[in-house]
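Below is the file work-v8.txt, which contains compact mmCIF, C-alpha atoms.
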# COMPACT_ATOMS: atom_id res chain seq x y z
CA MET X 1 -83.88 119.69 49.06
CA MET X 2 -80.14 120.03 48.37
CA SER X 3 -80.88 120.52 44.66
CA LEU X 4 -83.41 123.26 45.42
CA LEU X 5 -80.88 125.06 47.65
CA LEU X 6 -78.28 124.86 44.87
CA ILE X 7 -80.79 126.12 42.28
CA GLY X 8 -81.70 129.02 44.59
CA SER X 9 -78.02 129.88 45.13
CA GLY X 10 -77.51 129.77 41.37
CA VAL X 11 -80.41 132.17 40.77
CA VAL X 12 -78.84 134.72 43.17
CA ALA X 13 -75.34 134.32 41.69
CA GLY X 14 -76.60 134.44 38.09
CA GLY X 15 -78.74 137.50 38.74
CA LEU X 16 -75.89 139.30 40.44
CA GLY X 17 -73.48 138.37 37.67
CA ALA X 18 -75.84 139.62 34.96
CA LEU X 19 -76.49 142.91 36.76
CA VAL X 20 -72.88 143.96 37.30
CA GLY X 21 -70.92 141.83 34.82
CA VAL X 22 -68.91 139.76 37.29
CA GLY X 23 -70.17 136.27 36.49
CA GLY X 24 -71.15 135.25 40.01
CA GLY X 25 -68.11 133.10 40.78
CA VAL X 26 -67.10 135.44 43.58
CA VAL X 27 -70.32 134.48 45.37
CA LEU X 28 -70.43 130.80 44.42
CA VAL X 29 -66.94 129.70 45.48
CA PRO X 30 -67.25 130.77 49.14
CA LEU X 31 -70.86 129.58 49.22
CA LEU X 32 -69.94 126.11 47.93
CA VAL X 33 -66.90 125.81 50.18
CA LEU X 34 -68.34 127.27 53.39
CA GLY X 35 -72.05 126.56 52.92
CA PHE X 36 -72.06 123.18 51.20
CA GLY X 37 -68.69 121.78 52.31
CA VAL X 38 -67.41 121.32 48.75
CA PRO X 39 -63.57 121.16 48.52
CA MET X 40 -62.03 124.23 46.89
CA VAL X 41 -60.54 122.17 44.06
CA GLU X 42 -64.06 121.09 43.05
CA ALA X 43 -65.81 124.39 43.82
CA VAL X 44 -63.65 126.46 41.46
CA PRO X 45 -64.37 124.52 38.21
CA VAL X 46 -68.09 124.30 39.01
CA SER X 47 -68.11 128.03 39.69
CA LEU X 48 -66.31 128.68 36.39
CA LEU X 49 -68.95 126.68 34.49
CA CYS X 50 -71.56 128.85 36.21
CA VAL X 51 -69.67 131.97 35.05
CA VAL X 52 -69.90 130.68 31.45
CA ALA X 53 -73.61 129.97 31.97
CA SER X 54 -74.16 133.45 33.40
CA SER X 55 -72.30 134.96 30.45
CA CYS X 56 -74.33 133.03 27.84
CA GLY X 57 -77.66 133.72 29.56
CA ALA X 58 -77.13 137.45 30.04
CA ALA X 59 -74.98 138.33 27.02
CA ALA X 60 -77.53 136.90 24.58
CA ALA X 61 -79.96 139.63 25.63
CA TYR X 62 -77.32 142.36 25.91
CA VAL X 63 -75.89 141.72 22.42
CA GLU X 64 -79.35 141.77 20.85
CA GLN X 65 -80.16 145.01 22.70
CA GLY X 66 -76.92 146.53 21.34
CA LEU X 67 -75.72 147.05 24.91
CA SER X 68 -72.60 144.85 24.71
CA ASP X 69 -69.79 146.35 22.66
CA VAL X 70 -68.62 143.33 20.64
CA ARG X 71 -65.69 145.18 19.10
CA LEU X 72 -64.41 146.53 22.43
CA ALA X 73 -64.83 143.05 23.94
CA MET X 74 -62.68 141.61 21.16
CA VAL X 75 -59.86 144.09 21.78
CA LEU X 76 -59.87 143.63 25.55
CA GLU X 77 -60.12 139.83 25.23
CA VAL X 78 -56.85 139.77 23.28
CA ALA X 79 -55.11 141.52 26.18
CA THR X 80 -56.87 139.43 28.83
CA VAL X 81 -56.02 136.06 27.28
CA ALA X 82 -52.42 137.20 26.66
CA GLY X 83 -52.27 138.28 30.33
CA ALA X 84 -53.66 134.92 31.47
CA ILE X 85 -50.97 133.06 29.52
CA GLY X 86 -48.31 135.43 30.92
CA GLY X 87 -49.67 134.98 34.45
CA GLY X 88 -49.59 131.21 34.07
CA ALA X 89 -46.02 131.39 32.78
CA ILE X 90 -44.73 133.39 35.78
CA ALA X 91 -46.85 131.58 38.38
CA GLY X 92 -43.81 129.90 39.88
CA LEU X 93 -41.85 133.15 40.15
CA VAL X 94 -44.19 135.26 42.30
CA ALA X 95 -45.41 134.78 45.87
CA PRO X 96 -49.20 134.27 45.63
CA TRP X 97 -49.77 135.62 49.17
CA ALA X 98 -48.10 138.94 48.31
CA LEU X 99 -50.17 139.26 45.14
CA ALA X 100 -53.35 138.33 47.02
CA LEU X 101 -52.70 140.93 49.74
CA THR X 102 -51.82 143.64 47.21
CA PHE X 103 -54.87 142.91 45.10
CA GLY X 104 -57.04 142.68 48.22
CA VAL X 105 -56.03 146.19 49.29
CA PHE X 106 -56.58 147.47 45.73
CA ALA X 107 -60.05 145.86 45.52
CA LEU X 108 -60.93 147.35 48.92
CA TYR X 109 -59.88 150.81 47.71
CA VAL X 110 -61.90 150.51 44.47
CA SER X 111 -64.90 149.23 46.45
CA VAL X 112 -64.84 152.21 48.83
CA GLN X 113 -64.37 154.66 45.95
CA MET X 114 -67.24 153.09 44.03
CA MET X 115 -69.52 153.22 47.06
CA ARG X 116 -68.65 156.91 47.58
CA ALA X 117 -69.15 157.66 43.87
CA SER X 118 -72.48 155.83 43.68
CA SER X 119 -74.47 158.93 44.59
CA ILE X 120 -72.54 161.21 42.20
CA PRO X 121 -74.25 161.55 38.79
CA GLU X 122 -72.57 159.73 35.90
CA PRO X 123 -70.32 161.98 33.79
CA ALA X 124 -71.50 162.32 30.21
CA PRO X 125 -69.96 159.69 27.95
CA ASP X 126 -68.08 160.69 24.82
CA PRO X 127 -70.67 161.93 22.29
CA THR X 128 -69.36 159.49 19.66
CA GLY X 129 -69.74 156.60 22.10
CA ALA X 130 -66.05 155.82 21.64
CA PRO X 131 -64.12 154.27 24.51
CA GLN X 132 -61.24 156.44 25.71
CA ASN X 133 -57.69 155.43 26.72
CA VAL X 134 -57.84 152.15 24.82
CA ALA X 135 -54.13 151.41 25.31
CA LEU X 136 -54.49 151.89 29.07
CA GLY X 137 -57.60 149.71 29.04
CA MET X 138 -55.70 146.97 27.22
CA GLY X 139 -52.89 147.23 29.76
CA GLY X 140 -55.40 146.91 32.60
CA SER X 141 -57.02 143.93 30.88
CA PHE X 142 -53.61 142.29 30.50
CA ILE X 143 -53.08 142.68 34.25
CA ALA X 144 -56.62 141.42 34.92
CA GLY X 145 -55.89 138.32 32.84
CA GLY X 146 -52.62 137.76 34.70
CA LEU X 147 -54.29 138.15 38.11
CA SER X 148 -57.05 135.84 36.99
CA ALA X 149 -54.49 133.14 36.22
CA LEU X 150 -52.46 133.76 39.37
CA LEU X 151 -55.25 134.31 41.92
CA GLY X 152 -58.38 132.89 40.29
CA VAL X 153 -60.31 136.13 40.85
CA GLY X 154 -61.90 136.29 37.38
CA GLY X 155 -61.73 139.36 35.19
CA GLY X 156 -65.16 140.92 35.73
CA PRO X 157 -64.57 142.70 39.07
CA ILE X 158 -61.51 144.38 37.55
CA LYS X 159 -62.75 145.07 34.04
CA VAL X 160 -66.06 146.75 34.86
CA PRO X 161 -64.39 149.55 36.94
CA LEU X 162 -61.59 149.68 34.35
CA MET X 163 -63.99 150.25 31.46
CA ARG X 164 -66.10 152.69 33.47
CA TYR X 165 -63.42 154.87 35.05
CA VAL X 166 -60.42 154.50 32.72
CA MET X 167 -62.12 154.08 29.33
CA ASN X 168 -65.21 156.21 30.09
CA VAL X 169 -67.60 153.49 28.97
CA PRO X 170 -71.11 154.03 30.42
CA PHE X 171 -71.74 151.75 33.41
CA ARG X 172 -74.43 149.54 31.87
CA ARG X 173 -72.44 149.10 28.65
CA ALA X 174 -69.32 148.22 30.68
CA SER X 175 -71.27 145.63 32.65
CA ALA X 176 -72.88 144.15 29.52
CA THR X 177 -69.53 144.03 27.67
CA SER X 178 -67.87 142.35 30.67
CA ASN X 179 -70.67 139.76 30.67
CA LEU X 180 -69.82 138.96 27.06
CA MET X 181 -66.07 138.71 27.72
CA ILE X 182 -66.05 136.49 30.80
CA GLY X 183 -67.64 133.61 28.89
CA VAL X 184 -64.62 133.11 26.63
CA THR X 185 -61.92 132.96 29.32
CA GLY X 186 -64.26 131.02 31.62
CA ALA X 187 -64.86 128.39 28.92
CA ALA X 188 -61.11 127.90 28.40
CA SER X 189 -60.59 127.50 32.15
CA VAL X 190 -63.50 125.04 32.50
CA LEU X 191 -62.08 122.97 29.66
CA THR X 192 -58.69 122.84 31.39
CA TYR X 193 -60.25 121.67 34.66
CA ALA X 194 -62.58 119.21 32.89
CA LEU X 195 -59.67 117.63 31.01
CA ALA X 196 -57.90 117.23 34.35
CA GLY X 197 -61.00 115.50 35.79
CA TYR X 198 -61.92 118.17 38.36
CA LEU X 199 -65.37 119.15 37.04
CA ARG X 200 -68.19 117.55 39.09
CA LEU X 201 -71.15 117.66 36.73
CA GLU X 202 -73.71 116.33 39.24
CA LEU X 203 -72.91 119.32 41.46
CA ALA X 204 -72.90 121.74 38.54
CA ALA X 205 -76.30 120.64 37.16
CA PRO X 206 -78.66 122.31 39.67
CA LEU X 207 -76.38 125.34 40.01
CA VAL X 208 -76.28 125.98 36.26
CA VAL X 209 -80.09 125.66 36.04
CA GLY X 210 -80.37 128.38 38.71
CA VAL X 211 -77.61 130.55 37.24
CA LEU X 212 -79.19 130.52 33.77
CA ALA X 213 -82.57 131.48 35.20
CA GLY X 214 -80.99 134.22 37.34
CA ALA X 215 -78.87 135.56 34.47
CA MET X 216 -81.82 135.77 32.07
CA LEU X 217 -83.89 137.49 34.75
CA GLY X 218 -81.01 139.83 35.64
CA ALA X 219 -80.55 140.80 31.98
CA ARG X 220 -84.25 141.71 31.78
CA VAL X 221 -84.23 143.93 34.87
CA MET X 222 -80.75 145.49 34.51
CA GLN X 223 -82.00 148.37 32.33
CA ARG X 224 -84.60 149.24 34.99
CA VAL X 225 -82.22 149.27 37.96
CA SER X 226 -80.71 152.68 38.68
CA ILE X 227 -76.98 153.13 38.16
CA PRO X 228 -76.32 154.14 41.81
CA ILE X 229 -77.81 150.82 42.93
CA LEU X 230 -75.78 148.88 40.34
CA LYS X 231 -72.64 150.64 41.55
CA ARG X 232 -73.42 149.77 45.16
CA VAL X 233 -73.95 146.13 44.19
CA LEU X 234 -70.59 146.11 42.38
CA ALA X 235 -68.96 147.79 45.39
CA MET X 236 -70.29 145.00 47.63
CA VAL X 237 -68.99 142.37 45.19
CA LEU X 238 -65.57 144.07 45.21
CA LEU X 239 -65.69 144.08 49.01
CA ALA X 240 -66.30 140.32 48.93
CA VAL X 241 -63.36 139.90 46.50
CA ALA X 242 -61.15 142.03 48.78
CA GLY X 243 -62.16 139.93 51.79
CA GLN X 244 -61.35 136.69 49.96
CA MET X 245 -57.97 138.00 48.76
CA LEU X 246 -56.95 139.40 52.15
CA TRP X 247 -58.00 136.12 53.78
CA LYS X 248 -56.07 134.11 51.17
CA GLY X 249 -52.96 136.24 51.62
CA GLY X 250 -53.24 136.31 55.42
CA VAL X 251 -53.69 132.55 55.78
CA ALA X 252 -50.63 131.92 53.58
CA LEU X 253 -48.60 134.44 55.55
CA TRP X 254 -49.65 133.20 59.00
CA PRO X 255 -50.73 129.59 58.52
CA VAL X 256 -53.15 128.24 61.14
CA HIS X 257 -51.78 125.13 62.89
CA MET T 258 -55.22 159.15 24.24
CA ALA T 259 -56.60 158.07 20.92
CA GLY T 260 -57.00 154.38 20.30
CA PRO T 261 -58.00 152.08 17.49
CA LEU T 262 -61.66 152.11 18.45
CA GLU T 263 -62.44 155.76 18.09
CA ALA T 264 -62.99 156.11 14.36
CA GLY T 265 -66.52 156.15 13.13
CA ARG T 266 -68.38 154.73 16.13
CA GLU T 267 -71.72 155.63 17.52
CA PRO T 268 -73.41 154.44 20.72
CA GLY T 269 -75.42 151.28 20.37
CA ARG T 270 -73.68 150.05 17.23
CA ALA T 271 -71.72 147.32 18.87
CA LEU T 272 -70.39 144.98 16.24
CA VAL T 273 -69.33 146.75 13.06
CA GLU T 274 -70.39 149.74 11.10
CA GLY T 275 -67.92 149.82 8.28
CA PRO T 276 -64.60 151.59 7.86
CA ALA T 277 -64.46 155.29 8.68
CA GLY T 278 -68.05 155.42 9.77
CA ALA T 279 -69.62 154.10 6.60
CA ARG T 280 -73.14 152.90 7.35
CA ALA T 281 -73.55 150.71 4.27
CA GLY T 282 -72.92 147.56 6.25
CA SER T 283 -75.36 148.16 9.08
CA ALA T 284 -77.53 145.28 7.89
CA THR T 285 -74.51 143.00 8.17
CA SER T 286 -73.81 144.41 11.61
CA ASP T 287 -77.35 143.82 12.82
CA ALA T 288 -77.28 140.33 11.34
CA GLY T 289 -74.02 139.63 13.18
CA GLU T 290 -75.41 140.72 16.53
CA HIS T 291 -78.61 138.79 15.87
CA VAL T 292 -76.67 135.60 15.09
CA ILE T 293 -74.43 136.03 18.16
CA GLY T 294 -77.48 136.56 20.35
CA ARG T 295 -79.16 133.47 18.92
CA VAL T 296 -76.03 131.33 19.36
CA LEU T 297 -75.70 132.31 23.01
CA ARG T 298 -79.42 132.01 23.76
CA SER T 299 -79.76 128.64 22.01
CA ALA T 300 -76.79 127.26 23.95
CA ALA T 301 -78.11 128.64 27.26
CA VAL T 302 -81.64 127.31 26.78
CA SER T 303 -80.58 123.89 25.43
CA SER T 304 -77.96 123.41 28.12
CA GLY T 305 -80.36 124.56 30.85
CA ALA T 306 -83.04 122.14 29.61
CA LEU T 307 -80.60 119.19 29.59
CA PHE T 308 -79.25 120.05 33.06
CA LEU T 309 -82.81 120.46 34.38
CA LEU T 310 -83.77 117.08 32.91
CA SER T 311 -80.77 115.51 34.65
CA VAL T 312 -81.79 117.10 37.98
CA VAL T 313 -85.35 115.77 37.61
CA LEU T 314 -84.17 112.28 36.61
CA THR T 315 -81.71 112.19 39.52
CA SER T 316 -84.54 112.85 41.97
CA LEU T 317 -86.57 109.87 40.67
CA PRO T 318 -86.41 106.52 42.47
CA GLY T 319 -83.95 104.09 40.90
CA ALA T 320 -81.87 106.87 39.33
CA GLY T 321 -78.72 104.95 40.28
CA ALA T 322 -79.39 102.54 37.44
CA TRP T 323 -79.00 105.32 34.87
CA GLU T 324 -75.69 106.72 36.04
CA ARG T 325 -74.07 106.46 32.62
CA GLU T 326 -77.02 108.08 30.82
CA LEU T 327 -77.15 110.87 33.40
CA PHE T 328 -73.43 111.50 32.99
CA LEU T 329 -73.81 111.72 29.21
CA LEU T 330 -76.75 114.09 29.59
CA ARG T 331 -74.77 116.41 31.89
CA ALA T 332 -71.66 116.17 29.71
CA ALA T 333 -73.70 117.19 26.66
CA ALA T 334 -75.18 120.13 28.60
CA ALA T 335 -71.75 121.30 29.82
CA SER T 336 -70.26 120.92 26.32
CA LEU T 337 -72.97 123.14 24.85
CA LEU T 338 -72.09 125.86 27.37
CA VAL T 339 -68.34 125.62 26.89
CA VAL T 340 -68.56 125.64 23.09
CA ALA T 341 -70.98 128.61 22.89
CA PRO T 342 -68.49 131.45 23.66
CA VAL T 343 -65.99 129.97 21.20
CA VAL T 344 -68.66 129.77 18.48
CA ARG T 345 -69.61 133.35 19.38
CA LEU T 346 -66.01 134.43 18.73
CA ILE T 347 -65.95 132.58 15.40
CA VAL T 348 -69.27 134.16 14.35
CA ALA T 349 -68.13 137.65 15.35
CA GLY T 350 -64.79 137.17 13.58
CA THR T 351 -66.52 135.94 10.44
CA PHE T 352 -68.95 138.87 10.32
CA LEU T 353 -66.11 141.33 10.94
CA ALA T 354 -64.07 139.71 8.13
CA LEU T 355 -67.08 139.86 5.78
CA HIS T 356 -67.22 143.52 6.66
CA ARG T 357 -63.50 143.89 5.87
CA GLU T 358 -62.71 144.85 9.45
CA TRP T 359 -59.50 142.87 9.23
CA ARG T 360 -58.04 144.18 12.48
CA TYR T 361 -60.93 142.85 14.55
CA ALA T 362 -61.21 139.65 12.52
CA ALA T 363 -57.51 139.09 13.23
CA ALA T 364 -58.16 139.81 16.91
CA ALA T 365 -60.83 137.08 16.98
CA LEU T 366 -58.44 134.64 15.33
CA GLY T 367 -55.68 135.64 17.74
CA ILE T 368 -57.92 135.02 20.74
CA LEU T 369 -58.87 131.57 19.43
CA VAL T 370 -55.19 130.66 18.90
CA MET T 371 -54.21 131.95 22.36
CA LEU T 372 -57.11 130.09 23.99
CA ALA T 373 -55.98 126.89 22.30
CA ILE T 374 -52.45 127.53 23.57
CA SER T 375 -53.64 128.32 27.09
CA VAL T 376 -55.79 125.20 27.28
CA GLY T 377 -52.95 123.15 25.83
CA LEU T 378 -50.51 124.50 28.38
CA GLY T 379 -53.06 124.23 31.21
CA TYR T 380 -52.60 127.90 32.01
CA ALA T 381 -56.27 128.96 31.74
CA HIS T 382 -57.57 129.45 35.26

For the structure just supplied, provide its representation as structure tokens.
Amino acid sequence: MMSLLLIGSGVVAGGLGALVGVGGGVVLVPLLVLGFGVPMVEAVPVSLLCVVASSCGAAAAYVEQGLSDVRLAMVLEVATVAGAIGGGAIAGLVAPWALALTFGVFALYVSVQMMRASSIPEPAPDPTGAPQNVALGMGGSFIAGGLSALLGVGGGPIKVPLMRYVMNVPFRRASATSNLMIGVTGAASVLTYALAGYLRLELAAPLVVGVLAGAMLGARVMQRVSIPILKRVLAMVLLAVAGQMLWKGGVALWPVH
Amino acid sequence: MAGPLEAGREPGRALVEGPAGARAGSATSDAGEHVIGRVLRSAAVSSGALFLLSVVLTSLPGAGAWERELFLLRAAAASLLVVAPVVRLIVAGTFLALHREWRYAAAALGILVMLAISVGLGYAH
């Protein structure tokens, strides 16, 4: 019964991750901690393995459909990984609660803006299909990588809006490209946790089965889902991220005794 | 603001299309995307099958006697998943290098080096 519940949770997380390019970790971590009583230190690596699974399952289809921009992913991955190393290097110098609160407010703002913009028609992309403001996009990806290392938020919820609204990448392409990118950084993080002995494979097994099924299904239906609905789904995911960050920052600021 | 990605692109041509918009290498480009897609799909399906097998075996009576085998099965499944994105980077970098897109091939190599550093330092989270 427990395995079936985990598989079902994985299907939802994998489908969501494939649709909006966020990997599904934002759903899985609170679900594992609050719903299944898994300690945070074990929930995070399992969730990261699920992000890699979601990326592999969905990106395979997106790359073959020509929806993921492999070249753009490569450029943004350089900045993201550099940001993650930088974030890890300064981890001891910044107050995590302040970062969490700041990012929580930012995610809340982006979520509200995205919800409001969901009914507005998409502006026409550049006729050449070229991403705009690449330097700004790389800067944003560097920050996303740093935040990922410092707060464990993952890059997807930041990079999809970044590609859409800063680089003028069409929404579906941004989501598909994000799906491709999150696998690389997720795999490095999983390896780090696994080497430290934190990855519980018996817990991951049913979740990954569900996530892979959900991601493959999500990749098949993504082209048929309207962009306003995809934007609303991403706005809800960002709202969940904002809630987690504000909670994280608030608890650290006013610890419960 | 112009960036390094603007020259010679068209929508839907994700991997490479040759310097300054040349289309001569589109077959290489398609082959690259095809190989990347196959790498990711093979890893996803194989890993999913191994994890599913481990879930089924765990639910059988007397599964406790196979703890070591189950662990190895799950470890193999997880390894397939973790290795797939890295192989994807290597494949993309190789196809870009074959296409003389040195900047992107160097980017792929740079990412691999930085990932190795980040894992080594324990910074990847």

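Straight-line separation from atom CA of X:Val105 to atom CA of X:Leu246: 7.4 Å.
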
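The residues of chain X lying at most 6 Å from chain T, with only C-alpha atoms taken into account, are Cys56, Gly57, Ala60, Val63, Glu64, Gly66, Asp69, Val70, Arg71, Val78, Ile85, Gly88, Thr128, Gly129, Ala130, Asn133, Val134, Ala149, Gly183, Val184, Ala187, Ala188, Ser189, Thr192, Ala205 and Val209 of chain X.
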
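In this structure, atom CA of X:Met167 sits 19.1 Å away from atom CA of X:Val81.
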
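Residues lying within 8 Å of stretch 140-146 of chain X, counting all atoms listed in the file and ignoring same-chain neighbours fewer than 6 positions away, are Leu76, Glu77, Ala79, Thr80, Val81, Ala82, Gly83, Ala84, Ile85, Gly86, Gly87, Gly88, Gly154, Gly155, Ile158, Lys159 and Leu162 of chain X.
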
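Between atom CA of X:Leu151 and atom CA of X:Ser55 the interatomic distance comes to 20.6 Å.
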
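Proximity ranking of X:Arg164, X:Pro157, X:Ala18, X:Leu253 relative to X:Ala53 places X:Ala18 first, based on only C-alpha atoms.
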
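Counting only C-alpha atoms, the residue from X:Asn179, X:Gln65, X:Ser111, X:Ser3 that sits nearest to X:Arg220 is X:Gln65.
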
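Ranking X:Ser119, X:Ser68, X:Thr102, X:Thr185 by their shortest atom-to-atom distance to X:Pro170, with only C-alpha atoms included, puts X:Ser68 first.
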
**OP:** Anything within 8 Å of (-77.0, 129.2, 33.8): list those residues as a ChimeraX atom specification, counting only C-alpha atoms and sticking to the file's coordinates.
**Re:** /X:10,14,50-54,56-57,207-215 /T:301,305

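Each of X:Ala59, X:Leu16, X:Met74, X:Val46 was compared to X:Ala194 using only C-alpha atoms, and X:Val46 turns out to be the nearest.
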
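A distance cut-off of 10 Å around (-46.0, 134.9, 54.9), counting all atoms listed in the file, selects these protein and nucleic acid residues: X:Ala95, X:Pro96, X:Trp97, X:Ala98, X:Gly249, X:Gly250, X:Val251, X:Ala252, X:Leu253, X:Trp254, X:Pro255.
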